>>> print(open('my_file-v6.txt').read())   # compact mmCIF, C-alpha atoms
# COMPACT_ATOMS: atom_id res chain seq x y z
CA MET M 1 37.20 -37.57 47.49
CA GLY M 2 34.38 -36.70 45.16
CA PHE M 3 30.86 -35.37 45.26
CA GLY M 4 27.74 -35.37 43.20
CA ILE M 5 24.27 -33.92 43.35
CA VAL M 6 21.91 -36.79 43.91
CA PRO M 7 18.34 -36.39 42.70
CA PRO M 8 15.63 -38.12 44.75
CA TYR M 9 15.17 -41.09 42.36
CA LEU M 10 18.87 -41.88 42.54
CA LEU M 11 18.86 -41.44 46.29
CA ALA M 12 16.13 -44.08 46.46
CA ARG M 13 18.20 -46.40 44.30
CA ILE M 14 21.29 -45.96 46.49
CA ALA M 15 19.16 -46.65 49.55
CA ARG M 16 18.15 -50.02 48.07
CA LEU M 17 21.75 -51.14 47.36
CA ASP M 18 22.45 -54.54 48.88
CA ASP M 19 26.23 -54.65 48.58
CA THR M 20 28.59 -54.46 51.52
CA ARG M 21 30.94 -52.21 49.54
CA PHE M 22 28.29 -49.49 49.52
CA ALA M 23 26.77 -50.10 52.94
CA THR M 24 27.72 -46.65 54.22
CA ALA M 25 26.29 -44.84 51.22
CA ALA M 26 23.10 -46.89 51.33
CA ALA M 27 22.64 -46.15 55.02
CA ALA M 28 23.21 -42.45 54.44
CA ALA M 29 20.70 -42.43 51.61
CA ARG M 30 18.11 -44.28 53.71
CA ASN M 31 18.71 -41.81 56.49
CA ALA M 32 18.07 -38.90 54.16
CA LEU M 33 14.89 -40.41 52.81
CA GLN M 34 13.48 -41.50 56.16
CA HIS M 35 14.44 -38.73 58.54
CA ASP M 36 14.27 -35.62 56.45
CA ALA M 37 11.37 -35.72 54.07
CA SER M 38 11.85 -32.03 53.38
CA MET M 39 15.29 -32.66 51.92
CA ARG M 40 14.11 -33.51 48.43
CA ALA M 41 17.56 -33.44 46.86
CA VAL M 42 20.88 -33.83 48.57
CA ARG M 43 24.55 -33.46 47.88
CA LEU M 44 26.40 -36.65 48.81
CA THR M 45 30.09 -36.19 49.59
CA PHE M 46 32.45 -39.14 49.94
CA SER M 47 35.77 -38.99 51.75
CA LEU M 48 38.15 -41.21 53.68
CA ASP M 49 38.95 -40.49 57.32
CA GLU M 50 42.29 -41.14 59.08
CA SER M 51 41.55 -44.85 59.40
CA ASP M 52 40.58 -45.21 55.73
CA THR M 53 36.89 -45.58 56.56
CA LEU M 54 34.52 -44.31 53.90
CA VAL M 55 32.59 -41.27 55.14
CA ALA M 56 29.43 -40.21 53.36
CA GLU M 57 28.06 -36.76 54.18
CA LEU M 58 24.73 -35.33 53.10
CA SER M 59 23.87 -31.69 52.57
CA ALA M 60 21.06 -29.81 50.85
CA ALA M 61 21.15 -29.42 47.06
CA PRO M 62 18.83 -27.87 44.50
CA ASP M 63 16.12 -29.86 42.74
CA ARG M 64 15.72 -28.01 39.43
CA THR M 65 13.29 -28.58 36.58
CA ILE M 66 13.28 -26.43 33.45
CA ALA M 67 10.29 -26.44 31.10
CA HIS M 68 9.89 -25.05 27.56
CA ALA M 69 6.70 -23.11 26.77
CA GLY M 70 7.32 -23.31 23.03
CA GLY M 71 6.40 -19.67 22.50
CA THR M 72 2.94 -20.12 24.04
CA LEU M 73 1.39 -18.57 27.15
CA THR M 74 0.69 -22.00 28.64
CA LEU M 75 2.42 -22.98 31.88
CA PRO M 76 4.34 -25.00 32.86
CA GLY M 77 5.24 -26.24 29.34
CA ARG M 78 7.23 -29.33 28.36
CA VAL M 79 9.98 -30.45 30.74
CA VAL M 80 13.34 -30.33 28.96
CA ARG M 81 15.91 -30.62 31.77
CA ARG M 82 15.76 -32.09 35.25
CA GLU M 83 18.22 -32.04 38.12
CA GLY M 84 21.46 -33.79 37.31
CA GLN M 85 20.80 -34.05 33.58
CA PRO M 86 23.48 -32.75 31.19
CA SER M 87 23.34 -29.40 29.44
CA THR M 88 21.20 -29.06 26.34
CA ASP M 89 21.69 -27.23 23.04
CA ASP M 90 19.27 -24.55 24.23
CA THR M 91 21.05 -21.58 25.82
CA ALA M 92 17.99 -20.29 27.68
CA VAL M 93 17.37 -23.71 29.25
CA ASP M 94 20.94 -24.00 30.47
CA GLU M 95 21.18 -20.39 31.65
CA ALA M 96 18.01 -20.88 33.71
CA TYR M 97 19.30 -24.17 35.13
CA ASP M 98 22.68 -22.70 36.05
CA GLY M 99 21.12 -19.49 37.40
CA LEU M 100 18.79 -21.40 39.70
CA GLY M 101 21.81 -23.32 40.95
CA SER M 102 23.75 -20.10 41.63
CA THR M 103 20.77 -18.65 43.49
CA PHE M 104 20.38 -21.79 45.59
CA ALA M 105 24.12 -21.63 46.34
CA LEU M 106 24.03 -18.04 47.64
CA PHE M 107 21.15 -18.69 50.02
CA HIS M 108 22.47 -22.06 51.19
CA GLU M 109 26.16 -21.33 51.51
CA SER M 110 25.80 -17.82 52.94
CA TYR M 111 22.65 -18.03 55.06
CA GLY M 112 22.03 -21.77 55.50
CA ARG M 113 18.70 -21.57 53.67
CA ASN M 114 17.55 -24.74 51.92
CA SER M 115 15.75 -23.37 48.85
CA ILE M 116 12.89 -20.88 48.59
CA ASP M 117 10.94 -22.23 51.57
CA ASP M 118 13.96 -23.40 53.61
CA ALA M 119 12.57 -26.91 53.27
CA GLY M 120 13.99 -28.00 49.93
CA LEU M 121 11.22 -26.72 47.67
CA PRO M 122 11.90 -27.77 44.05
CA LEU M 123 13.02 -24.90 41.82
CA ASP M 124 10.90 -24.75 38.70
CA ALA M 125 11.32 -22.47 35.71
CA THR M 126 9.76 -22.04 32.29
CA VAL M 127 11.66 -20.51 29.37
CA HIS M 128 10.57 -19.42 25.86
CA TYR M 129 7.29 -18.07 27.27
CA GLY M 130 5.12 -16.21 24.75
CA GLU M 131 6.05 -14.60 21.46
CA LEU M 132 8.55 -11.75 21.61
CA TYR M 133 7.68 -11.58 25.32
CA ASP M 134 9.50 -8.71 27.04
CA ASN M 135 9.52 -9.88 30.61
CA ALA M 136 10.51 -12.32 33.33
CA PHE M 137 8.25 -12.94 36.32
CA TRP M 138 7.49 -15.08 39.36
CA ASN M 139 3.93 -16.46 39.34
CA GLY M 140 3.84 -17.66 42.93
CA THR M 141 5.23 -21.11 42.18
CA ARG M 142 7.72 -20.80 39.31
CA MET M 143 9.98 -18.43 37.43
CA VAL M 144 8.94 -17.59 33.87
CA PHE M 145 11.23 -16.08 31.22
CA GLY M 146 10.42 -14.54 27.86
CA ASP M 147 12.84 -14.36 24.93
CA GLY M 148 12.52 -10.59 24.48
CA ASP M 149 11.52 -8.82 21.28
CA GLY M 150 15.02 -8.75 19.78
CA GLU M 151 14.77 -4.99 19.26
CA ILE M 152 14.86 -3.64 22.81
CA PHE M 153 15.24 -6.74 24.95
CA ARG M 154 17.23 -9.90 24.46
CA GLY M 155 16.22 -12.99 26.41
CA PHE M 156 16.01 -12.54 30.16
CA THR M 157 17.89 -15.68 31.21
CA SER M 158 21.19 -14.09 30.12
CA SER M 159 21.30 -12.03 33.33
CA LEU M 160 22.07 -13.88 36.55
CA SER M 161 20.83 -10.94 38.61
CA VAL M 162 17.43 -11.25 36.88
CA ILE M 163 17.21 -14.95 37.72
CA GLY M 164 18.24 -14.24 41.30
CA HIS M 165 15.70 -11.41 41.44
CA GLU M 166 12.82 -13.68 40.41
CA LEU M 167 13.71 -16.50 42.78
CA THR M 168 14.06 -14.04 45.65
CA HIS M 169 10.42 -13.07 45.11
CA GLY M 170 9.75 -16.65 46.17
CA VAL M 171 11.93 -16.26 49.27
CA THR M 172 10.10 -13.06 50.22
CA GLN M 173 6.78 -14.82 49.67
CA TYR M 174 7.79 -17.46 52.24
CA THR M 175 9.31 -14.97 54.71
CA ALA M 176 8.45 -11.29 55.09
CA GLY M 177 5.49 -11.45 52.68
CA LEU M 178 5.89 -7.78 51.82
CA VAL M 179 2.63 -6.56 50.26
CA TYR M 180 3.18 -5.72 46.58
CA ARG M 181 1.91 -2.15 46.69
CA ASP M 182 3.42 1.29 47.43
CA GLN M 183 6.39 1.33 49.87
CA SER M 184 6.10 -2.30 51.02
CA GLY M 185 5.92 -3.27 47.34
CA ALA M 186 9.02 -1.20 46.54
CA LEU M 187 10.75 -2.97 49.44
CA ASN M 188 9.65 -6.32 47.99
CA GLU M 189 11.23 -5.27 44.69
CA SER M 190 14.35 -3.98 46.41
CA VAL M 191 14.87 -7.22 48.35
CA SER M 192 14.78 -9.04 45.00
CA ASP M 193 17.31 -6.61 43.53
CA VAL M 194 19.56 -6.91 46.60
CA PHE M 195 19.76 -10.70 46.52
CA GLY M 196 19.71 -10.77 42.70
CA ALA M 197 22.86 -8.64 42.74
CA LEU M 198 24.36 -10.76 45.52
CA VAL M 199 23.73 -13.99 43.57
CA GLU M 200 25.79 -12.50 40.75
CA GLN M 201 28.54 -11.20 43.05
CA HIS M 202 28.73 -14.48 45.00
CA SER M 203 28.88 -16.51 41.80
CA ARG M 204 31.68 -14.33 40.39
CA ARG M 205 33.39 -13.86 43.75
CA GLN M 206 33.27 -10.09 43.28
CA SER M 207 33.84 -7.71 46.17
CA VAL M 208 31.79 -4.55 46.74
CA ASP M 209 34.31 -2.55 44.72
CA GLU M 210 34.55 -5.04 41.87
CA ALA M 211 30.79 -5.52 41.39
CA SER M 212 28.75 -3.61 38.82
CA TRP M 213 25.72 -3.20 41.12
CA LEU M 214 23.60 -3.40 37.96
CA ILE M 215 20.38 -5.39 37.68
CA GLY M 216 19.78 -6.98 34.29
CA GLU M 217 23.11 -6.15 32.72
CA GLY M 218 23.07 -7.38 29.12
CA VAL M 219 19.30 -7.76 28.66
CA PHE M 220 19.15 -4.74 26.32
CA THR M 221 20.10 -5.11 22.66
CA ASP M 222 22.91 -3.03 21.21
CA GLN M 223 20.29 -0.62 19.85
CA VAL M 224 19.46 0.64 23.33
CA GLU M 225 21.50 3.38 24.99
CA GLY M 226 21.85 1.75 28.36
CA SER M 227 23.79 -0.76 30.39
CA ALA M 228 21.07 -2.45 32.46
CA LEU M 229 17.53 -2.22 33.87
CA ARG M 230 18.63 -0.58 37.11
CA SER M 231 21.69 0.60 38.99
CA MET M 232 21.77 0.05 42.74
CA ARG M 233 24.83 2.26 43.17
CA SER M 234 23.37 5.13 41.12
CA PRO M 235 19.61 4.71 40.66
CA GLY M 236 18.34 6.69 37.67
CA THR M 237 21.46 6.20 35.54
CA ALA M 238 21.03 2.71 34.05
CA TYR M 239 19.75 3.93 30.67
CA ASP M 240 18.93 7.06 28.71
CA ASP M 241 17.44 6.13 25.37
CA ASP M 242 15.33 7.70 22.61
CA VAL M 243 12.71 4.95 22.79
CA LEU M 244 12.79 3.99 26.47
CA GLY M 245 13.43 7.46 27.85
CA LYS M 246 15.60 7.95 30.91
CA ASP M 247 15.84 5.54 33.83
CA PRO M 248 13.18 6.99 36.18
CA GLN M 249 14.40 5.54 39.48
CA PRO M 250 14.86 7.94 42.41
CA ALA M 251 17.97 7.62 44.57
CA HIS M 252 16.71 9.65 47.54
CA VAL M 253 13.42 9.80 49.43
CA ASP M 254 13.05 13.48 48.48
CA ASP M 255 12.42 12.27 44.91
CA TYR M 256 9.90 9.54 45.85
CA ILE M 257 7.41 9.01 43.02
CA ASP M 258 3.72 9.05 43.97
CA THR M 259 1.84 7.10 41.32
CA ASP M 260 -1.01 4.63 40.90
CA GLU M 261 0.80 2.91 38.06
CA ASP M 262 3.09 -0.10 38.52
CA ASP M 263 1.32 -1.10 41.77
CA GLY M 264 2.26 2.27 43.22
CA GLY M 265 5.69 2.59 41.60
CA VAL M 266 7.19 -0.60 43.05
CA HIS M 267 9.81 -0.82 40.26
CA LEU M 268 10.58 2.90 40.56
CA ASN M 269 10.87 3.67 44.26
CA SER M 270 12.88 0.50 44.90
CA GLY M 271 15.84 2.65 43.87
CA ILE M 272 15.78 4.28 47.31
CA PRO M 273 16.23 1.14 49.49
CA ASN M 274 18.51 -0.30 46.78
CA ARG M 275 20.94 2.56 47.25
CA ALA M 276 20.66 2.31 51.04
CA PHE M 277 21.84 -1.31 50.77
CA TYR M 278 24.65 -0.35 48.43
CA LEU M 279 25.84 2.41 50.78
CA ALA M 280 25.79 0.05 53.77
CA ALA M 281 27.70 -2.61 51.81
CA ALA M 282 30.22 -0.07 50.51
CA ALA M 283 30.84 1.25 54.03
CA LEU M 284 31.65 -2.28 55.19
CA GLY M 285 33.71 -3.27 52.14
CA GLY M 286 34.71 -6.82 51.29
CA ASN M 287 32.06 -9.20 50.03
CA ALA M 288 28.57 -7.69 50.18
CA TRP M 289 26.84 -11.05 50.64
CA GLU M 290 28.63 -11.60 53.94
CA ARG M 291 27.76 -8.88 56.46
CA ALA M 292 25.41 -6.53 54.57
CA GLY M 293 23.63 -9.46 52.90
CA GLN M 294 23.39 -11.29 56.22
CA ILE M 295 21.73 -8.26 57.85
CA TRP M 296 19.17 -7.95 55.03
CA TYR M 297 18.55 -11.72 55.19
CA ASP M 298 18.08 -11.54 58.97
CA THR M 299 15.66 -8.67 58.38
CA ILE M 300 13.34 -10.48 55.99
CA THR M 301 13.39 -13.66 58.08
CA GLY M 302 13.26 -11.92 61.46
CA PRO M 303 10.39 -11.13 63.82
CA GLN M 304 10.26 -7.36 63.52
CA LEU M 305 9.30 -6.78 59.89
CA THR M 306 5.60 -6.62 59.02
CA ALA M 307 4.09 -7.28 55.60
CA ARG M 308 3.03 -3.65 55.20
CA ALA M 309 6.29 -2.11 56.37
CA ASP M 310 7.22 1.26 54.91
CA PHE M 311 10.79 2.40 54.27
CA ALA M 312 11.27 3.72 57.81
CA ALA M 313 9.98 0.51 59.39
CA PHE M 314 12.24 -1.58 57.16
CA ALA M 315 15.19 0.65 58.06
CA ARG M 316 14.46 0.14 61.77
CA ALA M 317 14.26 -3.62 61.22
CA THR M 318 17.66 -3.66 59.49
CA VAL M 319 19.24 -1.72 62.37
CA ALA M 320 17.64 -4.13 64.85
CA ALA M 321 18.92 -7.12 62.85
CA ALA M 322 22.44 -5.67 62.71
CA THR M 323 22.34 -4.93 66.44
CA ALA M 324 21.17 -8.46 67.25
CA ARG M 325 23.91 -10.12 65.24
CA TYR M 326 26.86 -7.74 65.60
CA GLY M 327 26.14 -5.56 68.64
CA ALA M 328 24.84 -2.03 69.12
CA ARG M 329 28.27 -0.38 68.83
CA SER M 330 29.42 -2.42 65.87
CA PRO M 331 30.67 -1.07 62.54
CA GLU M 332 27.85 -3.06 60.93
CA VAL M 333 25.18 -1.03 62.75
CA ARG M 334 26.92 2.21 61.86
CA ALA M 335 27.13 1.16 58.19
CA VAL M 336 23.43 0.34 58.04
CA GLU M 337 22.50 3.61 59.74
CA SER M 338 24.67 5.59 57.33
CA GLY M 339 23.11 3.75 54.38
CA TRP M 340 19.62 4.86 55.30
CA ALA M 341 20.80 8.36 56.17
CA GLY M 342 22.31 8.57 52.69
CA VAL M 343 18.90 8.16 51.07
CA GLY M 344 17.04 10.34 53.58
CA VAL M 345 15.17 7.57 55.41
CA GLY M 346 15.02 7.90 59.19
CA HIS M 347 15.30 4.82 61.37
CA ALA M 348 14.82 6.27 64.85
CA MET E 1 -5.58 10.62 25.72
CA PRO E 2 -4.99 11.27 22.00
CA GLU E 3 -6.65 14.04 20.02
CA HIS E 4 -9.70 12.65 18.30
CA GLU E 5 -12.39 13.95 15.99
CA ALA E 6 -15.90 14.65 17.23
CA GLY E 7 -17.96 11.49 17.37
CA GLN E 8 -14.86 9.31 17.51
CA LEU E 9 -14.14 7.03 20.41
CA SER E 10 -10.62 6.64 21.75
CA VAL E 11 -8.99 3.89 23.79
CA THR E 12 -5.70 4.30 25.64
CA VAL E 13 -3.63 1.47 27.07
CA VAL E 14 -0.80 2.18 29.52
CA ARG E 15 1.37 -0.80 30.42
CA THR E 16 3.60 -0.53 33.50
CA GLY E 17 5.41 -3.00 35.74
CA GLY E 18 7.34 -5.97 34.47
CA ILE E 19 10.80 -6.60 35.85
CA ALA E 20 12.10 -3.72 33.73
CA GLY E 21 9.53 -1.25 35.08
CA VAL E 22 9.33 0.40 31.66
CA ARG E 23 6.16 2.39 30.91
CA ARG E 24 4.60 1.89 27.47
CA GLU E 25 1.52 3.64 26.08
CA TRP E 26 -0.63 2.89 23.05
CA ALA E 27 -3.79 4.64 21.77
CA ALA E 28 -6.35 4.12 19.05
CA SER E 29 -9.55 5.83 17.96
CA GLY E 30 -12.40 5.20 15.57
CA PRO E 31 -16.17 5.18 15.11
CA PRO E 32 -17.92 3.98 18.29
CA ASP E 33 -19.87 1.27 16.47
CA GLU E 34 -16.58 -0.36 15.47
CA TRP E 35 -15.20 -0.43 19.03
CA LEU E 36 -18.16 -0.64 21.40
CA PRO E 37 -19.00 -4.34 20.90
CA LEU E 38 -15.53 -5.32 22.09
CA ILE E 39 -15.44 -2.64 24.81
CA ASP E 40 -18.85 -3.68 26.10
CA ALA E 41 -17.73 -7.31 26.21
CA CYS E 42 -15.05 -6.47 28.81
CA PRO E 43 -16.02 -7.02 32.47
CA TRP E 44 -15.37 -3.42 33.64
CA ARG E 45 -17.09 -3.96 37.00
CA SER E 46 -15.38 -7.22 37.94
CA VAL E 47 -11.76 -7.13 36.91
CA GLY E 48 -9.84 -10.23 37.94
CA ALA E 49 -7.04 -10.01 40.48
CA ASP E 50 -3.61 -11.64 40.56
CA LEU E 51 -2.22 -11.45 44.07
CA ALA E 52 0.43 -14.16 43.71
CA SER E 53 2.52 -12.90 40.80
CA ARG E 54 5.48 -10.53 40.96
CA ASP E 55 6.97 -8.54 38.06
CA ARG E 56 4.01 -9.12 35.77
CA PHE E 57 2.68 -6.24 33.68
CA VAL E 58 -0.20 -4.01 34.80
CA TYR E 59 -2.52 -2.53 32.15
CA ARG E 60 -4.56 0.64 32.63
CA ILE E 61 -7.24 0.80 29.96
CA THR E 62 -9.16 4.05 29.43
CA VAL E 63 -12.12 4.68 27.08
CA SER E 64 -13.13 8.25 26.21
CA ALA E 65 -16.91 7.96 25.89
CA PRO E 66 -18.78 6.80 27.69
CA PRO E 67 -15.84 7.22 30.07
CA ARG E 68 -14.52 4.01 31.52
CA ARG E 69 -11.28 3.00 33.16
CA ALA E 70 -9.91 -0.26 34.53
CA THR E 71 -6.60 -1.50 35.88
CA VAL E 72 -6.09 -5.05 34.70
CA PRO E 73 -3.23 -7.27 35.93
CA GLU E 74 -1.56 -9.29 33.19
CA GLY E 75 -2.79 -12.50 34.77
CA ALA E 76 -6.39 -11.33 34.22
CA LEU E 77 -5.79 -10.03 30.70
CA THR E 78 -7.73 -12.73 28.90
CA GLY E 79 -10.71 -12.93 26.55
CA PRO E 80 -12.10 -9.53 25.53
CA TRP E 81 -9.52 -7.62 27.63
CA LYS E 82 -6.70 -9.23 25.68
CA ALA E 83 -8.49 -8.73 22.37
CA LEU E 84 -9.02 -5.03 23.17
CA VAL E 85 -5.38 -4.44 24.19
CA ASP E 86 -4.09 -6.34 21.15
CA ARG E 87 -6.33 -4.26 18.89
CA VAL E 88 -5.15 -0.98 20.38
CA ARG E 89 -1.50 -2.02 20.16
CA SER E 90 -1.82 -3.01 16.54
CA ALA E 91 -3.83 0.07 15.49
>>> encode(input="my_file-v6.txt", output="structure tokens")
Amino acid sequence: MGFGIVPPYLLARIARLDDTRFATAAAAARNALQHDASMRAVRLTFSLDESDTLVAELSAAPDRTIAHAGGTLTLPGRVVRREGQPSTDDTAVDEAYDGLGSTFALFHESYGRNSIDDAGLPLDATVHYGELYDNAFWNGTRMVFGDGDGEIFRGFTSSLSVIGHELTHGVTQYTAGLVYRDQSGALNESVSDVFGALVEQHSRRQSVDEASWLIGEGVFTDQVEGSALRSMRSPGTAYDDDVLGKDPQPAHVDDYIDTDEDDGGVHLNSGIPNRAFYLAAAALGGNAWERAGQIWYDTITGPQLTARADFAAFARATVAAATARYGARSPEVRAVESGWAGVGVGHA
Amino acid sequence: MPEHEAGQLSVTVVRTGGIAGVRREWAASGPPDEWLPLIDACPWRSVGADLASRDRFVYRITVSAPPRRATVPEGALTGPWKALVDRVRSA
């Protein structure tokens, strides 16, 4: 038995095969191309059944393209690696490629989601954006990564949670559409942190207790006194540095930061729902992407959440999602309720 | 806003947002006739928006006199806006 990720051009070639030895594979490929136009890349798995008949199975697979901006601010840049192509001698290119694959894997294997739009949307990224550019962002259609300034920040592709964070902005864009301002914006940020952390945990097969719960671990240079951009377990403790100051994230709603900056503090107040997720996951134990992650995924894809939800509305939606999937008297509902209680957000 | 001598104009740039959420601030001051051509070239009344992006920087640009303030998303930081921010940062 073997498997391979089949990009669309190869799928088309398999579909055209006129050789009785590959009739099953050709038929499967034609089926994929004709009956599921949304499945733009597939994983083709071959096996033999009890009667030694070749069985070809198709499942969703990522369709990744990595471009190189060459230190300019021009997007998308020059394509340097497409789906199925071998690794390059450029670390940022390969980290982005692998990170997109890990993110696709979490959403597909855990929640059955086929890419950002659940319809096989290609995953596009640009690396080496700008000169000494200290950021990574989602521009509505692709992920963009700078190389950092070398003094405070290293390159941003080195952190799998950062890659997962950016791609999750795409998932939120296609699902809950949380408005990027004030509390709904902080929730948008938190959802990206939650699934960014889960991408890393799922990839490393780390349980709640084994995981770091850090976002952006390793993006700081050795000159910075800090371990990461944020801590979901202990918001406000990720760094304390002469140049950067202290991590400003609140961990409880009593310390909510009212500000006009940063779209209303979306990267600051996200600490509150981040910790609520951590507390819920810790109460359940095991692998956080399974039950806690499922509840948060059901929440952003479910009917109850509105684009301008505040913390309390989001909390209610998570309790409703947990109730719908696990039952009103389930340990999952109790864990979610205790998570929000731990950060002072009511859900009644 | 930095201390500045009488007759001097000051410009402050506060950058927030980005995936790191780190706040950075830069300021510069000088004779108005050296700064006003660039300041006046900026479209203070019609700042561009960027509703699609996430984790991009947000710039708040403040001028002391005549007092002006704008919040400019990174995606709209082009032309004279970019020239002004670059000048303040390198001052």
>>> closest_residue(input="my_file-v6.txt", among="M:Thr301, M:Glu151, M:Glu57, M:Gly70", to="Asp117 of chain M", atoms="all atoms listed in the file")
M:Thr301
>>> residues_around(input="my_file-v6.txt", residues="segment 128-139 of chain M", least_positions_apart="3", cutoff="10 Å", atoms="only C-alpha atoms", output="PyMOL selection string")
(chain M and resi 67-77+92-93+125+142-157+162-163+165-170+219) or (chain E and resi 17-21+50-57+75)
>>> atom_distance(input="my_file-v6.txt", atom1="atom CA of Ala292 of chain M", atom2="atom CA of Thr237 of chain M")
23.2 Å
>>> closest_residue(input="my_file-v6.txt", among="E:Asp86, E:Val22, E:Val72, E:Pro37", to="Leu229 of chain M", atoms="only C-alpha atoms")
E:Val22
>>> residues_around(input="my_file-v6.txt", residues="Pro66 of chain E", least_positions_apart="3", cutoff="10 Å", atoms="all atoms listed in the file", output="short mmCIF file (atom, residue, chain, number, x, y, z; two decimals) with C-alpha atoms, in the frame of the given file")
data_model
loop_
_atom_site.label_atom_id
_atom_site.label_comp_id
_atom_site.auth_asym_id
_atom_site.auth_seq_id
_atom_site.Cartn_x
_atom_site.Cartn_y
_atom_site.Cartn_z
CA LEU E 9 -14.14 7.03 20.41
CA PRO E 32 -17.92 3.98 18.29
CA LEU E 36 -18.16 -0.64 21.40
CA VAL E 63 -12.12 4.68 27.08
#
>>> closest_residue(input="my_file-v6.txt", among="M:Thr65, M:Ser47, M:Thr141, M:Thr24", to="chain E", atoms="all atoms listed in the file")
M:Thr141
>>> closest_residue(input="my_file-v6.txt", among="E:Thr78, E:Thr62, E:Ser46, E:Thr71", to="Val11 of chain E", atoms="all atoms listed in the file")
E:Thr62
>>> atom_distance(input="my_file-v6.txt", atom1="atom CA of Ala186 of chain M", atom2="atom CA of Phe311 of chain M")
8.7 Å
>>> axis_aligned_box(input="my_file-v6.txt", around="segment 44-61 of chain M", padding_each_side="6 Å", output="AutoDock Vina command-line options")
--center_x 31.7 --center_y -37.5 --center_z 53.2 --size_x 33.2 --size_y 28.2 --size_z 24.3
>>> closest_residue(input="my_file-v6.txt", among="E:Arg15, E:Arg45, E:Arg69, E:Lys82", to="chain M", atoms="all atoms listed in the file")
E:Arg15
>>> atom_distance(input="my_file-v6.txt", atom1="atom CA of Thr259 of chain M", atom2="atom CA of Asp247 of chain M")
16.0 Å
>>> closest_residue(input="my_file-v6.txt", among="M:Pro273, M:Gly177, M:Gly112, M:Gly101", to="Gly344 of chain M", atoms="all atoms listed in the file")
M:Pro273
>>> residues_around(input="my_file-v6.txt", residues="Gly7 of chain E", least_positions_apart="5", cutoff="10 Å", atoms="all atoms listed in the file", output="PyMOL selection string")
chain E and resi 30-32+65
>>> write_last_selection(input="my_file-v6.txt", atoms="C-alpha atoms", output="JSON list (two decimals), in the coordinates of the input")
[["chain", "number", "residue", "atom", "x", "y", "z"],
["E", 30, "GLY", "CA", -12.40, 5.20, 15.57],
["E", 31, "PRO", "CA", -16.17, 5.18, 15.11],
["E", 32, "PRO", "CA", -17.92, 3.98, 18.29],
["E", 65, "ALA", "CA", -16.91, 7.96, 25.89]]
>>> residues_around(input="my_file-v6.txt", residues="segment 314-330 of chain M", least_positions_apart="3", cutoff="10 Å", atoms="only C-alpha atoms", output="number ranges by chain")
M: 183-184, 187, 273, 276-277, 291-292, 294-306, 308-311, 333-337, 339-341, 345-348
>>> residues_near_point(input="my_file-v6.txt", point="(12.7, -31.0, 33.7)", cutoff="10 Å", atoms="only C-alpha atoms", output="list in words")
Asp63, Arg64, Thr65, Ile66, Ala67, His68, Gly77, Arg78, Val79, Val80, Arg81, Arg82, Glu83, Gly84, Gln85, Val93, Tyr97, Asp124, Ala125 and Thr126 of chain M
